[in-house]
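Enquirer: File follows, entry_18.txt with compact mmCIF, C-alpha atoms:
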```txt
# COMPACT_ATOMS: atom_id res chain seq x y z
CA MET A 32 11.39 5.08 -18.64
CA ALA A 33 11.39 1.41 -17.70
CA MET A 34 7.81 0.16 -17.95
CA SER A 35 5.14 2.86 -18.30
CA PRO A 36 4.85 6.35 -16.79
CA LEU A 37 2.44 5.21 -14.04
CA ILE A 38 4.33 2.03 -13.13
CA ASP A 39 7.62 3.93 -13.09
CA ARG A 40 6.09 6.53 -10.76
CA LEU A 41 4.91 3.76 -8.45
CA ILE A 42 8.37 2.12 -8.40
CA GLU A 43 9.75 5.55 -7.50
CA ALA A 44 7.13 6.07 -4.78
CA PHE A 45 7.94 2.73 -3.09
CA GLN A 46 11.52 3.87 -2.62
CA VAL A 47 10.48 6.14 0.26
CA LEU A 48 10.34 2.96 2.36
CA PRO A 49 13.43 2.24 4.49
CA GLY A 50 15.66 -0.46 2.99
CA VAL A 51 13.84 -0.44 -0.35
CA GLY A 52 15.91 0.40 -3.44
CA PRO A 53 15.01 0.37 -7.16
CA LYS A 54 15.12 -3.42 -7.49
CA GLY A 55 13.12 -4.12 -4.35
CA ALA A 56 10.56 -1.48 -5.31
CA GLN A 57 10.19 -2.99 -8.78
CA ARG A 58 9.63 -6.43 -7.26
CA MET A 59 6.95 -5.04 -4.91
CA VAL A 60 5.14 -3.18 -7.68
CA LEU A 61 5.08 -6.11 -10.10
CA HIS A 62 3.99 -8.47 -7.33
CA LEU A 63 1.05 -6.27 -6.36
CA LEU A 64 -0.04 -5.57 -9.94
CA GLN A 65 0.30 -9.19 -11.07
CA HIS A 66 -0.74 -11.19 -8.05
CA ASN A 67 -2.43 -9.12 -5.36
CA ARG A 68 -4.42 -6.10 -6.47
CA THR A 69 -6.84 -6.42 -3.56
CA GLY A 70 -3.93 -6.31 -1.13
CA GLY A 71 -2.48 -3.32 -2.96
CA GLN A 72 -5.76 -1.46 -2.87
CA LEU A 73 -6.18 -2.14 0.85
CA LEU A 74 -2.62 -0.98 1.49
CA ALA A 75 -3.29 2.26 -0.41
CA GLU A 76 -6.49 2.91 1.53
CA VAL A 77 -5.13 2.16 5.01
CA LEU A 78 -1.94 4.11 4.31
CA ALA A 79 -3.91 7.18 3.16
CA GLU A 80 -6.11 6.97 6.26
CA ALA A 81 -3.15 6.53 8.63
CA VAL A 82 -1.15 9.41 7.13
CA ASP A 83 -4.24 11.56 7.54
CA ARG A 84 -5.40 10.51 11.00
CA VAL A 85 -2.42 9.33 13.05
CA GLY A 86 -1.09 12.03 15.33
CA GLU A 87 0.64 12.18 18.69
CA CYS A 88 -0.81 11.10 22.02
CA GLU A 89 -1.57 14.23 24.09
CA ASP A 90 0.03 12.73 27.16
CA CYS A 91 3.11 10.86 25.95
CA ARG A 92 3.71 11.83 22.28
CA ASN A 93 3.39 8.19 21.16
CA LEU A 94 1.83 7.72 17.69
CA CYS A 95 -1.92 7.07 17.69
CA GLU A 96 -5.13 8.14 15.96
CA GLU A 97 -7.01 8.92 19.19
CA ALA A 98 -6.34 11.75 21.63
CA ARG A 99 -4.59 9.30 23.98
CA CYS A 100 -2.57 6.18 23.12
CA ARG A 101 -3.47 2.78 24.51
CA PHE A 102 -0.75 2.94 27.16
CA CYS A 103 -1.88 6.32 28.51
CA ALA A 104 -5.57 5.37 28.27
CA ASP A 105 -5.13 2.10 30.16
CA PRO A 106 -6.13 2.64 33.83
CA ARG A 107 -4.36 -0.55 34.91
CA ARG A 108 -0.88 0.73 34.13
CA ASP A 109 1.35 1.92 36.94
CA ASP A 110 1.61 5.72 37.26
CA ALA A 111 4.57 5.32 39.60
CA LEU A 112 6.91 4.31 36.78
CA LEU A 113 7.55 6.61 33.80
CA CYS A 114 9.83 5.35 31.05
CA VAL A 115 11.35 7.82 28.54
CA VAL A 116 12.20 6.41 25.09
CA GLU A 117 13.48 7.87 21.83
CA SER A 118 10.87 6.38 19.50
CA PRO A 119 7.58 4.46 19.33
CA ALA A 120 9.54 1.43 18.05
CA ASP A 121 11.29 1.32 21.44
CA ILE A 122 7.91 1.06 23.18
CA LEU A 123 7.04 -1.89 20.96
CA ALA A 124 10.35 -3.57 21.80
CA ILE A 125 9.82 -3.08 25.56
CA GLU A 126 6.20 -4.30 25.34
CA ARG A 127 7.25 -7.37 23.35
CA ALA A 128 9.85 -8.16 26.00
CA GLY A 129 7.10 -7.94 28.64
CA GLY A 130 7.55 -7.16 32.33
CA PHE A 131 7.12 -3.37 32.25
CA ARG A 132 3.69 -2.08 33.31
CA GLY A 133 4.37 1.63 33.78
CA ARG A 134 3.81 4.65 31.54
CA TYR A 135 5.87 5.93 28.61
CA PHE A 136 7.04 9.21 27.17
CA VAL A 137 8.33 9.44 23.59
CA LEU A 138 11.00 12.00 22.65
CA HIS A 139 10.91 11.33 18.88
CA GLY A 140 14.68 11.63 18.70
CA HIS A 141 17.61 12.68 20.86
CA LEU A 142 19.40 15.96 21.52
CA SER A 143 21.43 16.84 18.44
CA PRO A 144 22.31 20.56 18.31
CA ILE A 145 23.98 20.10 14.90
CA ASP A 146 20.59 19.02 13.44
CA GLY A 147 18.74 21.73 15.33
CA ILE A 148 17.15 19.25 17.74
CA GLY A 149 17.01 20.82 21.19
CA PRO A 150 14.85 20.36 24.31
CA GLU A 151 11.85 21.94 22.59
CA GLU A 152 11.87 19.52 19.63
CA LEU A 153 11.97 16.59 22.08
CA GLY A 154 8.92 17.95 23.91
CA LEU A 155 10.74 18.20 27.24
CA ASP A 156 8.26 20.85 28.42
CA ARG A 157 5.54 18.25 27.95
CA LEU A 158 7.64 15.68 29.79
CA LEU A 159 7.73 18.10 32.74
CA GLU A 160 3.92 18.46 32.53
CA ARG A 161 3.55 14.69 32.43
CA VAL A 162 5.79 14.32 35.50
CA SER A 163 3.65 16.89 37.35
CA GLN A 164 0.48 14.98 36.38
CA LEU A 165 1.65 11.48 37.25
CA GLN A 166 4.01 12.27 40.12
CA PRO A 167 5.97 9.09 39.37
CA ALA A 168 8.19 7.58 42.04
CA GLU A 169 10.72 6.63 39.37
CA LEU A 170 11.75 8.00 35.98
CA ILE A 171 13.47 5.40 33.78
CA LEU A 172 15.67 6.86 31.05
CA ALA A 173 15.62 4.27 28.25
CA THR A 174 17.28 6.30 25.50
CA ASN A 175 19.71 4.41 23.27
CA PRO A 176 23.22 3.62 24.54
CA THR A 177 24.78 5.99 21.99
CA VAL A 178 26.65 9.24 22.61
CA GLU A 179 23.50 11.26 21.79
CA GLY A 180 21.24 8.96 23.81
CA GLU A 181 23.53 9.25 26.85
CA ALA A 182 23.70 13.04 26.50
CA THR A 183 19.91 13.21 26.28
CA ALA A 184 19.49 11.01 29.36
CA HIS A 185 21.97 13.19 31.25
CA TYR A 186 20.17 16.39 30.22
CA ILE A 187 16.78 15.05 31.30
CA SER A 188 18.09 13.74 34.61
CA GLU A 189 19.54 17.19 35.40
CA MET A 190 16.30 18.89 34.39
CA ILE A 191 14.07 16.63 36.45
CA SER A 192 16.31 15.76 39.41
CA GLU A 193 14.31 17.95 41.84
CA ARG A 194 10.93 16.52 40.88
CA VAL A 195 11.31 12.74 40.95
CA ALA A 196 12.74 10.75 43.86
CA THR A 197 14.46 8.10 41.74
CA ILE A 198 15.91 8.56 38.25
CA THR A 199 17.39 5.45 36.64
CA ARG A 200 19.16 4.54 33.42
CA ILE A 201 18.67 1.15 31.74
CA ALA A 202 21.60 -1.22 32.34
CA HIS A 203 24.33 -1.64 29.76
CA GLY A 204 26.07 -4.98 29.60
CA VAL A 205 26.49 -8.22 27.77
CA PRO A 206 23.33 -9.16 25.81
CA LEU A 207 21.77 -12.54 26.63
CA GLY A 208 23.23 -15.22 24.38
CA GLY A 209 26.17 -12.97 23.46
CA GLU A 210 29.73 -14.24 23.65
CA LEU A 211 32.24 -12.19 25.64
CA GLU A 212 34.85 -12.77 22.96
CA TYR A 213 32.84 -10.80 20.42
CA ILE A 214 31.52 -7.99 22.63
CA ASP A 215 33.04 -4.53 22.18
CA GLY A 216 35.29 -3.11 24.92
CA GLY A 217 32.95 -0.29 25.97
CA THR A 218 30.10 -2.70 26.63
CA LEU A 219 32.44 -5.02 28.55
CA VAL A 220 33.61 -2.14 30.79
CA HIS A 221 29.93 -1.35 31.54
CA ALA A 222 29.21 -5.04 32.20
CA LEU A 223 32.04 -5.26 34.71
CA GLN A 224 31.23 -1.92 36.40
CA GLY A 225 27.57 -2.94 36.67
CA ARG A 226 28.33 -6.39 38.18
CA ARG A 227 25.88 -7.68 40.79
CA SER A 228 26.26 -10.05 43.70
CA ILE A 229 24.56 -13.37 43.04
CA ARG A 230 24.77 -14.88 46.52
CA MET B 918 -2.92 -5.04 19.65
CA ALA B 919 0.57 -3.58 19.45
CA MET B 920 0.20 0.17 18.88
CA SER B 921 -3.28 1.38 17.94
CA PRO B 922 -6.02 -0.20 15.80
CA LEU B 923 -5.18 1.91 12.74
CA ILE B 924 -1.39 1.53 13.00
CA ASP B 925 -1.77 -2.21 13.56
CA ARG B 926 -3.97 -2.46 10.45
CA LEU B 927 -1.33 -0.60 8.45
CA ILE B 928 1.45 -2.90 9.70
CA GLU B 929 -0.75 -5.83 8.63
CA ALA B 930 -1.45 -4.26 5.22
CA PHE B 931 2.26 -3.77 4.48
CA GLN B 932 2.81 -7.50 4.84
CA VAL B 933 1.22 -8.14 1.42
CA LEU B 934 4.57 -6.97 0.00
CA PRO B 935 6.99 -9.74 -0.99
CA GLY B 936 9.79 -10.22 1.53
CA VAL B 937 8.13 -8.02 4.16
CA GLY B 938 7.31 -9.65 7.51
CA PRO B 939 5.91 -8.18 10.75
CA LYS B 940 9.20 -6.50 11.77
CA GLY B 941 9.91 -5.02 8.35
CA ALA B 942 6.33 -3.78 8.06
CA GLN B 943 6.53 -2.15 11.49
CA ARG B 944 9.76 -0.41 10.51
CA MET B 945 8.18 0.89 7.29
CA VAL B 946 5.05 2.15 9.04
CA LEU B 947 6.89 3.95 11.83
CA HIS B 948 9.34 5.45 9.34
CA LEU B 949 6.55 6.87 7.18
CA LEU B 950 4.49 8.16 10.12
CA GLN B 951 7.45 9.68 11.93
CA HIS B 952 9.68 10.95 9.16
CA ASN B 953 7.99 11.02 5.76
CA ARG B 954 4.24 11.61 5.68
CA THR B 955 4.44 13.35 2.32
CA GLY B 956 6.16 10.31 0.84
CA GLY B 957 3.57 8.03 2.44
CA GLN B 958 0.70 10.08 1.08
CA LEU B 959 2.20 10.07 -2.41
CA LEU B 960 2.76 6.30 -2.21
CA ALA B 961 -0.90 5.79 -1.21
CA GLU B 962 -2.15 7.95 -4.08
CA VAL B 963 0.03 6.47 -6.82
CA LEU B 964 -0.66 2.93 -5.59
CA ALA B 965 -4.43 3.48 -5.64
CA GLU B 966 -4.21 4.94 -9.13
CA ALA B 967 -2.01 2.11 -10.45
CA VAL B 968 -4.19 -0.67 -8.99
CA ASP B 969 -7.14 1.02 -10.64
CA ARG B 970 -5.68 1.89 -14.04
CA VAL B 971 -2.89 -0.58 -14.90
CA GLY B 972 -4.09 -3.36 -17.16
CA GLU B 973 -2.56 -5.54 -19.85
CA CYS B 974 -1.24 -4.38 -23.23
CA GLU B 975 -3.69 -5.48 -25.95
CA ASP B 976 -0.85 -6.78 -28.09
CA CYS B 977 1.62 -8.42 -25.73
CA ARG B 978 -0.04 -8.71 -22.29
CA ASN B 979 2.69 -6.59 -20.66
CA LEU B 980 1.49 -4.40 -17.77
CA CYS B 981 0.60 -0.82 -18.72
CA GLU B 982 -2.06 1.84 -18.20
CA GLU B 983 -2.55 2.53 -21.92
CA ALA B 984 -4.06 0.23 -24.55
CA ARG B 985 -0.56 -0.63 -25.80
CA CYS B 986 2.70 -0.85 -23.86
CA ARG B 987 5.73 1.22 -24.80
CA PHE B 988 7.40 -1.71 -26.55
CA CYS B 989 4.39 -2.46 -28.75
CA ALA B 990 3.73 1.23 -29.41
CA ASP B 991 7.32 1.96 -30.47
CA PRO B 992 7.51 1.95 -34.30
CA ARG B 993 11.32 1.65 -34.22
CA ARG B 994 11.31 -1.85 -32.72
CA ASP B 995 11.95 -4.82 -34.98
CA ASP B 996 8.82 -6.82 -35.87
CA ALA B 997 10.98 -9.66 -37.17
CA LEU B 998 11.94 -10.75 -33.63
CA LEU B 999 9.33 -11.80 -31.09
CA CYS B 1000 10.52 -12.75 -27.60
CA VAL B 1001 8.23 -14.73 -25.27
CA VAL B 1002 8.80 -14.22 -21.51
CA GLU B 1003 7.08 -15.42 -18.35
CA SER B 1004 6.72 -12.04 -16.64
CA PRO B 1005 7.05 -8.27 -17.06
CA ALA B 1006 10.10 -8.42 -14.76
CA ASP B 1007 11.86 -10.51 -17.42
CA ILE B 1008 11.26 -7.74 -19.96
CA LEU B 1009 12.88 -5.26 -17.60
CA ALA B 1010 15.88 -7.58 -17.15
CA ILE B 1011 16.32 -7.99 -20.92
CA GLU B 1012 15.92 -4.24 -21.52
CA ARG B 1013 18.44 -3.46 -18.78
CA ALA B 1014 20.90 -5.84 -20.40
CA GLY B 1015 20.40 -4.02 -23.73
CA GLY B 1016 20.96 -5.37 -27.21
CA PHE B 1017 17.44 -6.69 -27.94
CA ARG B 1018 15.31 -4.44 -30.14
CA GLY B 1019 12.45 -6.80 -31.07
CA ARG B 1020 8.95 -7.25 -29.68
CA TYR B 1021 7.78 -9.09 -26.55
CA PHE B 1022 4.94 -11.32 -25.47
CA VAL B 1023 4.21 -11.92 -21.76
CA LEU B 1024 2.74 -15.25 -20.59
CA HIS B 1025 2.21 -14.17 -16.94
CA GLY B 1026 3.36 -17.60 -15.75
CA HIS B 1027 4.21 -21.02 -17.13
CA LEU B 1028 2.22 -24.17 -17.83
CA SER B 1029 1.32 -25.79 -14.52
CA PRO B 1030 -1.62 -28.21 -14.82
CA ILE B 1031 -1.56 -28.85 -11.06
CA ASP B 1032 -2.34 -25.15 -10.45
CA GLY B 1033 -4.90 -25.07 -13.26
CA ILE B 1034 -2.65 -23.00 -15.53
CA GLY B 1035 -3.07 -24.19 -19.10
CA PRO B 1036 -2.61 -22.65 -22.57
CA GLU B 1037 -5.64 -20.43 -22.11
CA GLU B 1038 -4.36 -18.83 -18.88
CA LEU B 1039 -1.07 -18.04 -20.63
CA GLY B 1040 -2.93 -16.30 -23.47
CA LEU B 1041 -1.48 -18.61 -26.12
CA ASP B 1042 -4.41 -17.83 -28.43
CA ARG B 1043 -3.33 -14.21 -28.28
CA LEU B 1044 0.26 -15.22 -28.93
CA LEU B 1045 -0.97 -16.91 -32.14
CA GLU B 1046 -2.81 -13.71 -33.10
CA ARG B 1047 0.31 -11.66 -32.42
CA VAL B 1048 2.38 -14.01 -34.59
CA SER B 1049 -0.16 -13.60 -37.43
CA GLN B 1050 0.00 -9.81 -37.07
CA LEU B 1051 3.77 -9.42 -36.89
CA GLN B 1052 4.82 -12.37 -39.08
CA PRO B 1053 8.15 -12.52 -37.21
CA ALA B 1054 11.09 -14.28 -38.83
CA GLU B 1055 12.15 -15.59 -35.42
CA LEU B 1056 10.37 -16.49 -32.18
CA ILE B 1057 12.68 -16.44 -29.15
CA LEU B 1058 11.47 -18.54 -26.21
CA ALA B 1059 12.90 -16.83 -23.12
CA THR B 1060 10.98 -18.69 -20.42
CA ASN B 1061 12.96 -19.57 -17.29
CA PRO B 1062 15.37 -22.54 -17.34
CA THR B 1063 13.17 -24.50 -14.93
CA VAL B 1064 11.22 -27.70 -15.58
CA GLU B 1065 8.00 -25.71 -16.07
CA GLY B 1066 9.72 -23.07 -18.19
CA GLU B 1067 11.21 -25.74 -20.45
CA ALA B 1068 7.87 -27.52 -20.77
CA THR B 1069 6.17 -24.25 -21.66
CA ALA B 1070 8.83 -23.44 -24.28
CA HIS B 1071 8.42 -26.92 -25.74
CA TYR B 1072 4.63 -26.60 -25.88
CA ILE B 1073 4.79 -23.21 -27.61
CA SER B 1074 7.41 -24.36 -30.14
CA GLU B 1075 5.18 -27.33 -31.09
CA MET B 1076 2.14 -25.07 -31.36
CA ILE B 1077 3.85 -22.47 -33.52
CA SER B 1078 6.33 -24.56 -35.52
CA GLU B 1079 4.35 -24.23 -38.77
CA ARG B 1080 4.02 -20.47 -38.58
CA VAL B 1081 7.48 -19.13 -37.83
CA ALA B 1082 10.62 -20.00 -39.81
CA THR B 1083 12.99 -19.93 -36.84
CA ILE B 1084 12.14 -20.78 -33.24
CA THR B 1085 14.99 -20.39 -30.74
CA ARG B 1086 15.54 -20.96 -27.04
CA ILE B 1087 17.83 -18.71 -24.96
CA ALA B 1088 21.22 -20.33 -24.28
CA HIS B 1089 21.89 -22.10 -21.00
CA GLY B 1090 25.45 -22.09 -19.79
CA VAL B 1091 27.94 -20.72 -17.34
CA PRO B 1092 26.98 -17.18 -16.21
CA LEU B 1093 29.57 -14.45 -16.81
CA GLY B 1094 31.85 -14.15 -13.80
CA GLY B 1095 30.75 -17.56 -12.53
CA GLU B 1096 33.32 -20.13 -11.46
CA LEU B 1097 33.06 -23.60 -13.01
CA GLU B 1098 33.84 -25.16 -9.65
CA TYR B 1099 30.59 -23.85 -8.17
CA ILE B 1100 28.24 -24.32 -11.16
CA ASP B 1101 25.69 -27.16 -10.92
CA GLY B 1102 26.12 -30.20 -13.13
CA GLY B 1103 23.03 -29.62 -15.29
CA THR B 1104 24.22 -26.16 -16.27
CA LEU B 1105 27.70 -27.49 -17.00
CA VAL B 1106 26.29 -30.19 -19.31
CA HIS B 1107 24.37 -27.46 -21.19
CA ALA B 1108 27.49 -25.28 -21.34
CA LEU B 1109 29.51 -28.10 -22.88
CA GLN B 1110 26.78 -29.15 -25.32
CA GLY B 1111 26.29 -25.54 -26.39
CA ARG B 1112 30.03 -24.93 -26.97
CA ARG B 1113 30.97 -22.68 -29.89
CA SER B 1114 34.02 -22.47 -32.09
CA ILE B 1115 36.10 -19.38 -31.31
CA ARG B 1116 38.48 -19.48 -34.30
```
Go ahead and render the structure in this file as structure tokens.

Expert:
Amino acid sequence: MAMSPLIDRLIEAFQVLPGVGPKGAQRMVLHLLQHNRTGGQLLAEVLAEAVDRVGECEDCRNLCEEARCRFCADPRRDDALLCVVESPADILAIERAGGFRGRYFVLHGHLSPIDGIGPEELGLDRLLERVSQLQPAELILATNPTVEGEATAHYISEMISERVATITRIAHGVPLGGELEYIDGGTLVHALQGRRSIR
Amino acid sequence: MAMSPLIDRLIEAFQVLPGVGPKGAQRMVLHLLQHNRTGGQLLAEVLAEAVDRVGECEDCRNLCEEARCRFCADPRRDDALLCVVESPADILAIERAGGFRGRYFVLHGHLSPIDGIGPEELGLDRLLERVSQLQPAELILATNPTVEGEATAHYISEMISERVATITRIAHGVPLGGELEYIDGGTLVHALQGRRSIR
């Protein structure tokens, strides 16, 4: 025991958060108890409500507390473009970047037979349904540029090739502001293969 | 709005934690909602309970859910030594280090007239009471080695000088494993002044 049974339990409970170890958890707990009880109480209430109410969007599997997420519910978004991502965090990253106004579909992972994650766990049957509903002109596969992400993109493109006119994969290349000297070889090969004429 | 009203509120609520900004909060929220709802639910419950039940130890002002903290309730600790610290985290640091078996008193801060923190806010009247109760042979002032910590230690030693035979201040000096070359001048002056004979 470090402090008291209840405080120790709380320090333990905070360690479910990603990147939070014993020391960080202790700092959080003491901060809340000493300096911000109102904030701590609000956090407890909102967290309990979210864990209880947040589910998956019926259309795209994004996280939300309503039947449909804000991207699926928004009539101004473009049904012709459907973008497949691995996680809700990827949607946030794409939205922050701006420029994309189509629809999304969230896999909640990537194919990983060793972990028992197959087409069913990724909701690919529901992706097929969604494609039938929207009849998009283009399906953008925005899974991560990892071995599993590539395999998942390949699997989906095979599965859907008959139903969508254009299937694309996000470009791999040198990130903006990156220096060639420090970029890994695989990325550099992609950057060269994907070169585009500029005049 | 980024995700959904409830998820956005939760991301906001997580930012009361020290060192957690919008990106870190988003990562925590999505992690809990996607991968660990049980852990999130437990965190919400324990946090609500702790905010509600944790108060201050009647004897030493340490945080605890009982009337007395484990250090004050433990009959095996040495009443002859009373150690004054700024925060409960300092108690944890001293306990982790080991070797101290006396009692504690927590100020919950240091004197800071500009922030309206005077002797009353630090519970110095209760420190006097505790000194009367325990009749310690030695009072150890373990406030931080900052300007405010030193001023607070000085104030307390003046206030209590008549009542305790020995009043000590923790040593300032070169930390173990530190390199002289990189230690600041003030610390080095203290280290030299506080030198001890080794044979």

Enquirer: Write out, as CSV, each residue of chain A that has an atom at most 8 Å from chain B, together with the closest pair of atoms and their distance in Å to one decimal, counting all atoms listed in the file, rows going by chain and rising number.

Expert:
```
residue,atom,partner,partner_atom,distance
A:Ala33,CA,B:Leu1009,CA,6.8
A:Met34,CA,B:Arg987,CA,7.2
A:Ser35,CA,B:Cys981,CA,5.9
A:Leu37,CA,B:Ala967,CA,6.5
A:Ile38,CA,B:Ala967,CA,6.9
A:Arg40,CA,B:Val963,CA,7.2
A:Leu41,CA,B:Val963,CA,5.8
A:Ala44,CA,B:Leu960,CA,5.1
A:Phe45,CA,B:Leu960,CA,6.4
A:Val47,CA,B:Gly956,CA,6.0
A:Leu48,CA,B:Met945,CA,5.8
A:Pro49,CA,B:Met945,CA,6.1
A:Arg58,CA,B:Pro935,CA,7.6
A:Met59,CA,B:Leu934,CA,5.8
A:Leu61,CA,B:Ala1006,CA,7.2
A:His62,CA,B:Pro935,CA,7.1
A:Leu63,CA,B:Leu934,CA,7.3
A:Leu64,CA,B:Val968,CA,6.5
A:Gln65,CA,B:His1025,CA,7.9
A:Asn67,CA,B:Val933,CA,7.8
A:Arg68,CA,B:Val968,CA,6.0
A:Gly70,CA,B:Val933,CA,6.0
A:Gly71,CA,B:Val968,CA,6.8
A:Gln72,CA,B:Ala965,CA,5.8
A:Leu73,CA,B:Ala930,CA,6.8
A:Leu74,CA,B:Ala930,CA,5.1
A:Ala75,CA,B:Ala961,CA,4.3
A:Glu76,CA,B:Ala961,CA,6.9
A:Val77,CA,B:Leu927,CA,5.8
A:Leu78,CA,B:Ala961,CA,5.9
A:Ala79,CA,B:Ala961,CA,5.5
A:Ala81,CA,B:Leu923,CA,6.5
A:Val82,CA,B:Arg954,CA,6.0
A:Val85,CA,B:Leu950,CA,7.6
A:Leu94,CA,B:Met920,CA,7.8
A:Cys95,CA,B:Ser921,CA,5.9
A:Glu96,CA,B:Leu923,CA,7.0
A:Cys100,CA,B:Ser921,CA,7.1
A:Arg101,CA,B:Ser921,CA,6.7
A:Pro119,CA,B:Leu947,CA,7.5
A:Ala120,CA,B:Leu947,CA,7.2
A:Leu123,CA,B:Ala919,CA,6.9
A:His139,CA,B:Gln951,CA,7.9
```

Enquirer: Excluding Ile1073 in chain B and its own-chain neighbours fewer than 2 positions away, which residues fall within 12 Å of it when counting only C-alpha atoms? Please give them as a PDB file with C-alpha atoms, keeping the file's coordinate frame.

Expert:
```pdb
ATOM      1  CA  CYS B1000      10.520 -12.750 -27.600  1.00  0.00           C
ATOM      2  CA  VAL B1001       8.230 -14.730 -25.270  1.00  0.00           C
ATOM      3  CA  VAL B1002       8.800 -14.220 -21.510  1.00  0.00           C
ATOM      4  CA  LEU B1024       2.740 -15.250 -20.590  1.00  0.00           C
ATOM      5  CA  HIS B1027       4.210 -21.020 -17.130  1.00  0.00           C
ATOM      6  CA  LEU B1028       2.220 -24.170 -17.830  1.00  0.00           C
ATOM      7  CA  GLY B1035      -3.070 -24.190 -19.100  1.00  0.00           C
ATOM      8  CA  PRO B1036      -2.610 -22.650 -22.570  1.00  0.00           C
ATOM      9  CA  LEU B1039      -1.070 -18.040 -20.630  1.00  0.00           C
ATOM     10  CA  GLY B1040      -2.930 -16.300 -23.470  1.00  0.00           C
ATOM     11  CA  LEU B1041      -1.480 -18.610 -26.120  1.00  0.00           C
ATOM     12  CA  ASP B1042      -4.410 -17.830 -28.430  1.00  0.00           C
ATOM     13  CA  LEU B1044       0.260 -15.220 -28.930  1.00  0.00           C
ATOM     14  CA  LEU B1045      -0.970 -16.910 -32.140  1.00  0.00           C
ATOM     15  CA  VAL B1048       2.380 -14.010 -34.590  1.00  0.00           C
ATOM     16  CA  LEU B1056      10.370 -16.490 -32.180  1.00  0.00           C
ATOM     17  CA  ILE B1057      12.680 -16.440 -29.150  1.00  0.00           C
ATOM     18  CA  LEU B1058      11.470 -18.540 -26.210  1.00  0.00           C
ATOM     19  CA  ALA B1059      12.900 -16.830 -23.120  1.00  0.00           C
ATOM     20  CA  THR B1060      10.980 -18.690 -20.420  1.00  0.00           C
ATOM     21  CA  GLY B1066       9.720 -23.070 -18.190  1.00  0.00           C
ATOM     22  CA  GLU B1067      11.210 -25.740 -20.450  1.00  0.00           C
ATOM     23  CA  ALA B1068       7.870 -27.520 -20.770  1.00  0.00           C
ATOM     24  CA  THR B1069       6.170 -24.250 -21.660  1.00  0.00           C
ATOM     25  CA  ALA B1070       8.830 -23.440 -24.280  1.00  0.00           C
ATOM     26  CA  HIS B1071       8.420 -26.920 -25.740  1.00  0.00           C
ATOM     27  CA  GLU B1075       5.180 -27.330 -31.090  1.00  0.00           C
ATOM     28  CA  MET B1076       2.140 -25.070 -31.360  1.00  0.00           C
ATOM     29  CA  ILE B1077       3.850 -22.470 -33.520  1.00  0.00           C
ATOM     30  CA  SER B1078       6.330 -24.560 -35.520  1.00  0.00           C
ATOM     31  CA  GLU B1079       4.350 -24.230 -38.770  1.00  0.00           C
ATOM     32  CA  ARG B1080       4.020 -20.470 -38.580  1.00  0.00           C
ATOM     33  CA  VAL B1081       7.480 -19.130 -37.830  1.00  0.00           C
ATOM     34  CA  ILE B1084      12.140 -20.780 -33.240  1.00  0.00           C
ATOM     35  CA  THR B1085      14.990 -20.390 -30.740  1.00  0.00           C
ATOM     36  CA  ARG B1086      15.540 -20.960 -27.040  1.00  0.00           C
TER      37      ARG B1086
END
```

Enquirer: Which value, in Å to one decimal, gives the distance between CA of Tyr1072 in chain B and CA of Thr1104 in chain B?

Expert: 21.8 Å

Enquirer: Identify which of the residues A:Gly209, A:Ser188, A:His203, A:Asp110 lies closest to Leu223 in chain A, counting all atoms listed in the file when measuring atom-to-atom distances.

Expert: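 Between A:Gly209, A:Ser188, A:His203, A:Asp110, the residue approaching Leu223 in chain A most closely is A:His203.
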
Enquirer: Which residue out of A:Ala124, A:Ile148, A:Leu165, A:Gly130 has the minimum interatomic distance to Asp90 in chain A when all atoms listed in the file are used?

Expert: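 Checking each of A:Ala124, A:Ile148, A:Leu165, A:Gly130 against Asp90 in chain A, counting all atoms listed in the file, the winner is A:Leu165.
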
Enquirer: Mind giving me the axis-aligned box for range 203-220 of chain A with 8 Å on every side, centre plus edges in Å to one decimal, as lines of an AutoDock Vina configuration file?

Expert:
```
center_x = 28.5
center_y = -7.8
center_z = 25.6
size_x = 29.5
size_y = 30.9
size_z = 26.4
```

Enquirer: Excluding same-chain residues fewer than 3 positions from Glu169 in chain A, what lies within 7 Å of it counting all atoms listed in the file, as a PyMOL selection string?

Expert: chain A and resi 111-113+195-198

Enquirer: Please, what distance in Å, to one decimal, runs between CA of Glu179 in chain A and CA of Ser143 in chain A?

Expert: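 It comes out at 6.8 Å.
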
Enquirer: For CA of Leu219 in chain A and CA of Ile125 in chain A, quote the distance in Å rounded to one decimal.

Expert: 22.9 Å

Enquirer: Skipping near chain neighbours, those fewer than 5 positions away, what residues fall within 12 Å of Gly216 in chain A using only C-alpha atoms, listed as a list in words?

Expert: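 Near neighbours after the sequence-gap exclusion: Gly204, Val205, Leu211, His221, Ala222 and Leu223 of chain A.
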
Enquirer: Would you kindly place N, CA and C atoms on range 1006-1010 of chain B and return the model as a compact mmCIF listing (two decimals), keeping the file's coordinate frame?

Expert:
```
# COMPACT_ATOMS: atom_id res chain seq x y z
N ALA B 1006 8.78 -8.62 -15.35
CA ALA B 1006 10.10 -8.42 -14.76
C ALA B 1006 11.19 -8.93 -15.70
N ASP B 1007 10.88 -9.98 -16.47
CA ASP B 1007 11.86 -10.51 -17.42
C ASP B 1007 12.13 -9.51 -18.54
N ILE B 1008 11.06 -8.80 -18.96
CA ILE B 1008 11.26 -7.74 -19.96
C ILE B 1008 12.22 -6.69 -19.44
N LEU B 1009 12.00 -6.27 -18.18
CA LEU B 1009 12.88 -5.26 -17.60
C LEU B 1009 14.32 -5.74 -17.56
N ALA B 1010 14.52 -7.03 -17.22
CA ALA B 1010 15.88 -7.58 -17.15
C ALA B 1010 16.53 -7.56 -18.53
```
